[in-house]
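Structure below is start.pdb: PDB, C-alpha atoms.
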```
ATOM      1  CA  MET P 122      36.440  37.531  34.335  1.00  0.00           C
ATOM      2  CA  PRO P 123      36.660  39.804  37.360  1.00  0.00           C
ATOM      3  CA  THR P 124      36.772  38.352  40.866  1.00  0.00           C
ATOM      4  CA  VAL P 125      34.407  39.886  43.392  1.00  0.00           C
ATOM      5  CA  LYS P 126      34.816  39.728  47.164  1.00  0.00           C
ATOM      6  CA  MET P 127      32.175  40.840  49.637  1.00  0.00           C
ATOM      7  CA  LYS P 128      30.471  39.782  52.841  1.00  0.00           C
ATOM      8  CA  VAL P 129      26.989  38.400  52.359  1.00  0.00           C
ATOM      9  CA  ASN P 130      24.908  37.891  55.473  1.00  0.00           C
ATOM     10  CA  GLY P 131      28.065  38.154  57.538  1.00  0.00           C
ATOM     11  CA  LYS P 132      30.038  35.547  55.602  1.00  0.00           C
ATOM     12  CA  PRO P 133      32.918  36.353  53.247  1.00  0.00           C
ATOM     13  CA  VAL P 134      32.347  35.265  49.646  1.00  0.00           C
ATOM     14  CA  THR P 135      34.646  35.346  46.635  1.00  0.00           C
ATOM     15  CA  ALA P 136      33.650  34.450  43.095  1.00  0.00           C
ATOM     16  CA  GLU P 137      34.497  35.067  39.486  1.00  0.00           C
ATOM     17  CA  VAL P 138      31.661  36.812  37.688  1.00  0.00           C
ATOM     18  CA  GLU P 139      31.082  38.299  34.301  1.00  0.00           C
ATOM     19  CA  ALA P 140      31.423  42.077  34.497  1.00  0.00           C
ATOM     20  CA  ARG P 141      27.757  42.447  33.484  1.00  0.00           C
ATOM     21  CA  THR P 142      26.391  40.194  36.267  1.00  0.00           C
ATOM     22  CA  LEU P 143      23.774  41.969  38.324  1.00  0.00           C
ATOM     23  CA  LEU P 144      23.931  41.727  42.100  1.00  0.00           C
ATOM     24  CA  VAL P 145      20.530  39.993  42.142  1.00  0.00           C
ATOM     25  CA  GLN P 146      21.834  37.359  39.700  1.00  0.00           C
ATOM     26  CA  PHE P 147      24.973  36.845  41.782  1.00  0.00           C
ATOM     27  CA  LEU P 148      22.949  36.366  44.966  1.00  0.00           C
ATOM     28  CA  ARG P 149      20.404  34.018  43.398  1.00  0.00           C
ATOM     29  CA  GLU P 150      22.523  32.049  40.941  1.00  0.00           C
ATOM     30  CA  ASN P 151      26.003  31.997  42.457  1.00  0.00           C
ATOM     31  CA  LEU P 152      25.114  31.979  46.162  1.00  0.00           C
ATOM     32  CA  ARG P 153      21.676  30.306  45.882  1.00  0.00           C
ATOM     33  CA  LEU P 154      20.085  32.976  48.081  1.00  0.00           C
ATOM     34  CA  THR P 155      16.746  32.889  46.333  1.00  0.00           C
ATOM     35  CA  GLY P 156      14.817  35.053  48.809  1.00  0.00           C
ATOM     36  CA  THR P 157      15.841  38.083  46.774  1.00  0.00           C
ATOM     37  CA  HIS P 158      13.333  38.047  43.921  1.00  0.00           C
ATOM     38  CA  VAL P 159      13.449  39.326  40.361  1.00  0.00           C
ATOM     39  CA  GLY P 160      10.134  40.941  39.573  1.00  0.00           C
ATOM     40  CA  CYS P 161      10.580  43.428  36.785  1.00  0.00           C
ATOM     41  CA  ASP P 162      14.272  43.777  35.803  1.00  0.00           C
ATOM     42  CA  THR P 163      13.715  47.529  35.526  1.00  0.00           C
ATOM     43  CA  SER P 164      14.062  48.708  39.151  1.00  0.00           C
ATOM     44  CA  GLN P 165      10.328  49.427  39.390  1.00  0.00           C
ATOM     45  CA  CYS P 166       8.894  46.771  41.736  1.00  0.00           C
ATOM     46  CA  GLY P 167      11.276  46.483  44.705  1.00  0.00           C
ATOM     47  CA  ALA P 168      11.146  42.670  44.941  1.00  0.00           C
ATOM     48  CA  CYS P 169      14.956  42.595  44.760  1.00  0.00           C
ATOM     49  CA  VAL P 170      15.741  44.996  47.619  1.00  0.00           C
ATOM     50  CA  VAL P 171      18.783  44.074  49.708  1.00  0.00           C
ATOM     51  CA  HIS P 172      21.002  46.141  51.977  1.00  0.00           C
ATOM     52  CA  VAL P 173      24.467  47.148  50.829  1.00  0.00           C
ATOM     53  CA  ASN P 174      26.525  48.652  53.629  1.00  0.00           C
ATOM     54  CA  GLY P 175      23.309  49.170  55.577  1.00  0.00           C
ATOM     55  CA  LYS P 176      21.350  50.985  52.876  1.00  0.00           C
ATOM     56  CA  SER P 177      18.538  49.576  50.790  1.00  0.00           C
ATOM     57  CA  VAL P 178      19.423  48.937  47.156  1.00  0.00           C
ATOM     58  CA  LYS P 179      17.481  47.417  44.294  1.00  0.00           C
ATOM     59  CA  ALA P 180      19.804  44.553  43.425  1.00  0.00           C
ATOM     60  CA  CYS P 181      18.555  44.437  39.821  1.00  0.00           C
ATOM     61  CA  SER P 182      20.077  47.878  39.247  1.00  0.00           C
ATOM     62  CA  MET P 183      23.533  47.188  40.694  1.00  0.00           C
ATOM     63  CA  LEU P 184      26.338  45.136  39.208  1.00  0.00           C
ATOM     64  CA  ALA P 185      27.901  42.502  41.459  1.00  0.00           C
ATOM     65  CA  VAL P 186      31.341  44.068  40.895  1.00  0.00           C
ATOM     66  CA  MET P 187      29.991  47.336  42.333  1.00  0.00           C
ATOM     67  CA  ALA P 188      29.517  45.493  45.661  1.00  0.00           C
ATOM     68  CA  GLU P 189      33.242  44.697  45.845  1.00  0.00           C
ATOM     69  CA  GLY P 190      34.327  44.970  49.495  1.00  0.00           C
ATOM     70  CA  CYS P 191      30.776  45.703  50.675  1.00  0.00           C
ATOM     71  CA  GLU P 192      28.572  44.100  53.291  1.00  0.00           C
ATOM     72  CA  VAL P 193      25.393  42.770  51.705  1.00  0.00           C
ATOM     73  CA  THR P 194      22.401  41.628  53.727  1.00  0.00           C
ATOM     74  CA  THR P 195      19.566  39.664  52.164  1.00  0.00           C
ATOM     75  CA  ILE P 196      16.281  38.490  53.655  1.00  0.00           C
ATOM     76  CA  GLU P 197      18.049  35.225  54.562  1.00  0.00           C
ATOM     77  CA  GLY P 198      20.456  37.145  56.791  1.00  0.00           C
ATOM     78  CA  LEU P 199      17.844  38.700  59.100  1.00  0.00           C
ATOM     79  CA  ALA P 200      16.716  35.821  61.300  1.00  0.00           C
ATOM     80  CA  THR P 201      18.849  34.553  64.157  1.00  0.00           C
ATOM     81  CA  GLY P 202      18.625  30.789  64.023  1.00  0.00           C
ATOM     82  CA  ASN P 203      14.936  29.927  64.235  1.00  0.00           C
ATOM     83  CA  THR P 204      14.018  33.356  65.609  1.00  0.00           C
ATOM     84  CA  LEU P 205      12.660  35.741  62.998  1.00  0.00           C
ATOM     85  CA  HIS P 206      13.762  39.365  62.954  1.00  0.00           C
ATOM     86  CA  PRO P 207      11.059  41.551  64.586  1.00  0.00           C
ATOM     87  CA  MET P 208      10.111  42.969  61.175  1.00  0.00           C
ATOM     88  CA  GLN P 209       9.738  39.499  59.672  1.00  0.00           C
ATOM     89  CA  GLN P 210       7.635  38.456  62.674  1.00  0.00           C
ATOM     90  CA  ALA P 211       5.459  41.558  62.307  1.00  0.00           C
ATOM     91  CA  PHE P 212       4.725  40.702  58.664  1.00  0.00           C
ATOM     92  CA  MET P 213       3.707  37.224  59.755  1.00  0.00           C
ATOM     93  CA  ASP P 214       1.641  38.382  62.745  1.00  0.00           C
ATOM     94  CA  ASN P 215      -0.166  41.153  60.844  1.00  0.00           C
ATOM     95  CA  HIS P 216      -0.832  39.241  57.624  1.00  0.00           C
ATOM     96  CA  GLY P 217       1.428  41.585  55.656  1.00  0.00           C
ATOM     97  CA  LEU P 218       1.874  39.051  52.909  1.00  0.00           C
ATOM     98  CA  GLN P 219      -0.371  37.190  50.572  1.00  0.00           C
ATOM     99  CA  CYS P 220       1.473  35.341  47.808  1.00  0.00           C
ATOM    100  CA  GLY P 221       4.794  36.331  49.410  1.00  0.00           C
ATOM    101  CA  PHE P 222       6.595  37.338  46.225  1.00  0.00           C
ATOM    102  CA  CYS P 223       7.082  40.988  47.208  1.00  0.00           C
ATOM    103  CA  THR P 224       7.546  40.265  50.918  1.00  0.00           C
ATOM    104  CA  PRO P 225      11.356  39.976  51.059  1.00  0.00           C
ATOM    105  CA  GLY P 226      11.753  43.320  49.297  1.00  0.00           C
ATOM    106  CA  MET P 227       9.053  44.878  51.484  1.00  0.00           C
ATOM    107  CA  VAL P 228      10.762  43.660  54.668  1.00  0.00           C
ATOM    108  CA  MET P 229      14.182  44.899  53.550  1.00  0.00           C
ATOM    109  CA  THR P 230      12.702  48.264  52.563  1.00  0.00           C
ATOM    110  CA  ALA P 231      10.827  48.441  55.879  1.00  0.00           C
ATOM    111  CA  LEU P 232      14.084  48.000  57.784  1.00  0.00           C
ATOM    112  CA  ASP P 233      15.619  50.843  55.806  1.00  0.00           C
ATOM    113  CA  ILE P 234      12.571  53.014  56.566  1.00  0.00           C
ATOM    114  CA  VAL P 235      13.015  52.366  60.295  1.00  0.00           C
ATOM    115  CA  ASN P 236      16.770  52.972  60.125  1.00  0.00           C
ATOM    116  CA  ARG P 237      16.198  56.356  58.482  1.00  0.00           C
ATOM    117  CA  ASN P 238      12.998  57.505  60.219  1.00  0.00           C
ATOM    118  CA  GLY P 239      12.999  55.829  63.632  1.00  0.00           C
ATOM    119  CA  ASN P 240      10.557  53.506  65.326  1.00  0.00           C
ATOM    120  CA  GLU P 241       7.527  55.786  65.542  1.00  0.00           C
ATOM    121  CA  LEU P 242       6.138  55.733  62.016  1.00  0.00           C
ATOM    122  CA  ASP P 243       2.804  57.151  60.959  1.00  0.00           C
ATOM    123  CA  GLU P 244       0.779  55.580  58.174  1.00  0.00           C
ATOM    124  CA  ALA P 245       1.431  58.405  55.702  1.00  0.00           C
ATOM    125  CA  THR P 246       5.205  58.070  56.099  1.00  0.00           C
ATOM    126  CA  VAL P 247       5.131  54.314  55.579  1.00  0.00           C
ATOM    127  CA  ARG P 248       2.921  54.602  52.498  1.00  0.00           C
ATOM    128  CA  LYS P 249       5.159  57.304  50.986  1.00  0.00           C
ATOM    129  CA  GLU P 250       8.339  55.341  51.724  1.00  0.00           C
ATOM    130  CA  LEU P 251       6.944  52.135  50.196  1.00  0.00           C
ATOM    131  CA  GLU P 252       6.204  53.790  46.836  1.00  0.00           C
ATOM    132  CA  GLY P 253       9.135  51.946  45.217  1.00  0.00           C
ATOM    133  CA  ASN P 254       7.751  48.535  46.192  1.00  0.00           C
ATOM    134  CA  ILE P 255       4.828  46.995  44.357  1.00  0.00           C
ATOM    135  CA  CYS P 256       2.470  44.358  45.731  1.00  0.00           C
ATOM    136  CA  ARG P 257       0.047  42.951  43.222  1.00  0.00           C
ATOM    137  CA  CYS P 258      -2.051  40.991  45.761  1.00  0.00           C
ATOM    138  CA  THR P 259      -2.955  43.287  48.633  1.00  0.00           C
ATOM    139  CA  GLY P 260      -4.311  46.751  49.223  1.00  0.00           C
ATOM    140  CA  TYR P 261      -1.217  47.578  51.320  1.00  0.00           C
ATOM    141  CA  HIS P 262      -3.266  48.000  54.519  1.00  0.00           C
ATOM    142  CA  ASN P 263      -1.710  44.982  56.251  1.00  0.00           C
ATOM    143  CA  ILE P 264       1.737  45.760  54.843  1.00  0.00           C
ATOM    144  CA  VAL P 265       1.608  49.242  56.390  1.00  0.00           C
ATOM    145  CA  LYS P 266       0.284  47.746  59.625  1.00  0.00           C
ATOM    146  CA  SER P 267       3.167  45.230  59.591  1.00  0.00           C
ATOM    147  CA  VAL P 268       5.835  47.873  59.004  1.00  0.00           C
ATOM    148  CA  ARG P 269       4.525  50.003  61.863  1.00  0.00           C
ATOM    149  CA  ALA P 270       4.292  46.997  64.205  1.00  0.00           C
ATOM    150  CA  GLY P 271       7.774  45.831  63.210  1.00  0.00           C
ATOM    151  CA  ALA P 272       9.182  49.309  63.808  1.00  0.00           C
ATOM    152  CA  LYS P 273       7.689  49.391  67.292  1.00  0.00           C
ATOM    153  CA  ALA P 274       9.000  45.893  68.057  1.00  0.00           C
ATOM    154  CA  MET P 275      12.475  46.891  66.877  1.00  0.00           C
ATOM    155  CA  GLY P 276      12.363  49.904  69.204  1.00  0.00           C
ATOM    156  CA  SER P 277      11.538  47.730  72.196  1.00  0.00           C
ATOM    157  CA  LYS P 278      14.578  45.472  71.694  1.00  0.00           C
ATOM    158  CA  PRO P 279      17.657  46.239  73.818  1.00  0.00           C
TER     159      PRO P 279
END
```
As structure tokens:
Amino acid sequence: MPTVKMKVNGKPVTAEVEARTLLVQFLRENLRLTGTHVGCDTSQCGACVVHVNGKSVKACSMLAVMAEGCEVTTIEGLATGNTLHPMQQAFMDNHGLQCGFCTPGMVMTALDIVNRNGNELDEATVRKELEGNICRCTGYHNIVKSVRAGAKAMGSKP
């Protein structure tokens, strides 16, 4: 079995994995980071979005061995102690979640949207950028509102 080494949420990890182990399986089963969800297994829903070297990736479509030497950030790696990341706080403040299943992937995708497009996001941009993330509970209104509020809050941080 291959050995994989990477940093996950800032901490070095090393593990033996089967070559066919998906990154989402590695995170959930080996590291017990269960905030990254498995929704569809076909890269359609976005519940498994994490950041690999700062870019959003659907972890159900990437093998763990492909993350060798990479920096992986999951939803668990965003908060600082008991202080939520501004995007997480925005989802909470703006009711951008309902059942919560899609929320980790939405938050991780939202951060990628801000990183690529800046802090001033219009509704149309957010809706277009979220097309790869599915929420089965809401009409997306509060998710879009949350992303825009989180983007603004991130821009106001030093």
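Here the PyMOL selection byres ((chain P and resi 139) around 12) catches exactly these residues: Met122, Pro123, Thr124, Val125, Ala136, Glu137, Val138, Ala140, Arg141, Thr142, Leu143, Leu144, Gln146, Phe147, Asn151, Leu184, Ala185 and Val186 of chain P.
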Got a sec: who's within 6 Å of stretch 258-267 of chain P, counting all atoms listed in the file, leaving out chain neighbours fewer than 5 positions off, as a PyMOL selection string? chain P and resi 211-212+215-217
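Across P:Gly276, P:Gly160, P:Pro133, P:Pro225, the tightest approach to P:Arg257 is made by P:Gly160 when counting only C-alpha atoms.
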Could you jot down the atom CA of P:Met227 to atom CA of P:Lys128 separation for me, Å, one decimal place? 22.1 Å
Determine the residue membership of the PyMOL selection byres ((chain P and resi 209) around 9) for the file above and supply it as a PyMOL selection string. chain P and resi 196+199-200+205-208+210-214+225+228+267+271
Any chance you could work out the axis-aligned box around stretch 235-242 of chain P, listed atoms only, 3 Å on each side, giving centre and edge lengths in Å to one decimal, as JSON?
```
{"center_x": 11.5, "center_y": 54.9, "center_z": 62.0, "size_x": 16.6, "size_y": 11.1, "size_z": 13.1}
```
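Atom CA of P:Gly190 is found 16.4 Å from atom CA of P:Val145.
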Between atom CA of P:Gly221 and atom CA of P:Gly167, what distance in Å does the model show, to one decimal? 12.9 Å
Expand the PyMOL selection byres ((chain P and resi 170) around 7) into the explicit residue set it covers here, and present it as a ChimeraX atom specification. /P:157,167-169,171-172,177-180,226,229-230
Taking all atoms listed in the file into account, name the residue in P:Ala272, P:Leu154, P:Cys220, P:Cys191 that is nearest to P:Arg237. P:Ala272
Near P:Cys166, counting all atoms listed in the file, which residues have an atom at most 7 Å away, once you skip same-chain residues fewer than 3 positions from it, shown as a PyMOL selection string? chain P and resi 160-161+253-255
Pull C-alpha atoms from the residues just selected and write them as a PDB file, in the frame of the given file.
```
ATOM      1  CA  GLY P 160      10.134  40.941  39.573  1.00  0.00           C
ATOM      2  CA  CYS P 161      10.580  43.428  36.785  1.00  0.00           C
ATOM      3  CA  GLY P 253       9.135  51.946  45.217  1.00  0.00           C
ATOM      4  CA  ASN P 254       7.751  48.535  46.192  1.00  0.00           C
ATOM      5  CA  ILE P 255       4.828  46.995  44.357  1.00  0.00           C
TER       6      ILE P 255
END
```
Selected stretch 190-229 of chain P, written as a compact mmCIF listing (two decimals), in the first residue's frame, N, CA and C atoms:
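Below you can see part.txt, which holds the result:
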```txt
# COMPACT_ATOMS: atom_id res chain seq x y z
N GLY P 190 1.97 15.57 -0.56
CA GLY P 190 2.74 16.79 -0.44
C GLY P 190 1.91 18.07 -0.45
N CYS P 191 0.60 17.94 -0.53
CA CYS P 191 -0.28 19.12 -0.63
C CYS P 191 -0.72 19.61 0.75
N GLU P 192 -1.27 20.82 0.73
CA GLU P 192 -1.92 21.38 1.91
C GLU P 192 -3.42 21.28 1.68
N VAL P 193 -4.10 20.57 2.55
CA VAL P 193 -5.54 20.36 2.44
C VAL P 193 -6.22 21.08 3.60
N THR P 194 -7.25 21.84 3.27
CA THR P 194 -8.03 22.51 4.30
C THR P 194 -9.47 22.03 4.20
N THR P 195 -10.00 21.60 5.34
CA THR P 195 -11.39 21.17 5.42
C THR P 195 -12.17 22.20 6.23
N ILE P 196 -13.46 22.02 6.32
CA ILE P 196 -14.31 22.92 7.09
C ILE P 196 -13.82 23.01 8.54
N GLU P 197 -13.27 21.92 9.07
CA GLU P 197 -12.78 21.91 10.45
C GLU P 197 -11.56 22.81 10.64
N GLY P 198 -10.89 23.15 9.55
CA GLY P 198 -9.67 23.95 9.65
C GLY P 198 -9.89 25.44 9.50
N LEU P 199 -11.13 25.89 9.42
CA LEU P 199 -11.40 27.32 9.18
C LEU P 199 -11.46 28.15 10.46
N ALA P 200 -12.10 27.64 11.48
CA ALA P 200 -12.27 28.41 12.71
C ALA P 200 -10.94 28.54 13.43
N THR P 201 -10.83 29.59 14.22
CA THR P 201 -9.66 29.79 15.07
C THR P 201 -10.13 29.65 16.50
N GLY P 202 -9.84 28.50 17.09
CA GLY P 202 -10.36 28.23 18.43
C GLY P 202 -11.88 28.21 18.39
N ASN P 203 -12.49 29.03 19.24
CA ASN P 203 -13.96 29.11 19.29
C ASN P 203 -14.51 30.20 18.37
N THR P 204 -13.64 30.87 17.62
CA THR P 204 -14.07 31.94 16.74
C THR P 204 -14.24 31.41 15.32
N LEU P 205 -15.46 31.47 14.83
CA LEU P 205 -15.74 31.00 13.47
C LEU P 205 -15.06 31.90 12.44
N HIS P 206 -14.73 31.32 11.31
CA HIS P 206 -14.25 32.10 10.17
C HIS P 206 -15.39 33.04 9.77
N PRO P 207 -15.09 34.23 9.24
CA PRO P 207 -16.16 35.16 8.85
C PRO P 207 -17.21 34.54 7.91
N MET P 208 -16.79 33.64 7.04
CA MET P 208 -17.77 33.01 6.13
C MET P 208 -18.67 32.06 6.91
N GLN P 209 -18.11 31.30 7.83
CA GLN P 209 -18.93 30.42 8.66
C GLN P 209 -19.93 31.25 9.47
N GLN P 210 -19.45 32.35 10.04
CA GLN P 210 -20.31 33.22 10.85
C GLN P 210 -21.43 33.81 10.00
N ALA P 211 -21.10 34.18 8.77
CA ALA P 211 -22.11 34.75 7.86
C ALA P 211 -23.20 33.73 7.56
N PHE P 212 -22.84 32.47 7.37
CA PHE P 212 -23.85 31.44 7.12
C PHE P 212 -24.76 31.30 8.33
N MET P 213 -24.18 31.39 9.51
CA MET P 213 -24.97 31.29 10.73
C MET P 213 -25.88 32.52 10.88
N ASP P 214 -25.31 33.70 10.71
CA ASP P 214 -26.05 34.94 10.91
C ASP P 214 -27.17 35.16 9.89
N ASN P 215 -26.98 34.66 8.68
CA ASN P 215 -27.93 34.90 7.59
C ASN P 215 -28.80 33.69 7.26
N HIS P 216 -28.80 32.72 8.14
CA HIS P 216 -29.62 31.52 7.98
C HIS P 216 -29.35 30.83 6.64
N GLY P 217 -28.06 30.71 6.30
CA GLY P 217 -27.67 30.10 5.04
C GLY P 217 -27.61 28.59 5.10
N LEU P 218 -28.22 28.02 6.09
CA LEU P 218 -28.25 26.56 6.20
C LEU P 218 -29.62 26.15 6.70
N GLN P 219 -29.97 24.95 6.40
CA GLN P 219 -31.23 24.42 6.90
C GLN P 219 -30.90 23.08 7.56
N CYS P 220 -30.76 22.01 6.81
CA CYS P 220 -30.39 20.75 7.44
C CYS P 220 -28.89 20.72 7.73
N GLY P 221 -28.11 21.50 6.98
CA GLY P 221 -26.67 21.60 7.22
C GLY P 221 -25.81 20.64 6.43
N PHE P 222 -26.42 19.72 5.69
CA PHE P 222 -25.63 18.72 4.99
C PHE P 222 -24.73 19.34 3.93
N CYS P 223 -25.25 20.28 3.16
CA CYS P 223 -24.47 20.89 2.08
C CYS P 223 -23.58 22.03 2.58
N THR P 224 -23.81 22.49 3.80
CA THR P 224 -23.17 23.71 4.29
C THR P 224 -21.64 23.68 4.26
N PRO P 225 -20.97 22.62 4.70
CA PRO P 225 -19.51 22.64 4.63
C PRO P 225 -18.99 22.86 3.21
N GLY P 226 -19.58 22.16 2.26
CA GLY P 226 -19.17 22.33 0.86
C GLY P 226 -19.49 23.71 0.34
N MET P 227 -20.64 24.27 0.74
CA MET P 227 -21.01 25.62 0.35
C MET P 227 -20.01 26.64 0.90
N VAL P 228 -19.65 26.50 2.16
CA VAL P 228 -18.71 27.43 2.79
C VAL P 228 -17.35 27.35 2.11
N MET P 229 -16.88 26.14 1.85
CA MET P 229 -15.56 25.98 1.22
C MET P 229 -15.59 26.54 -0.21
```
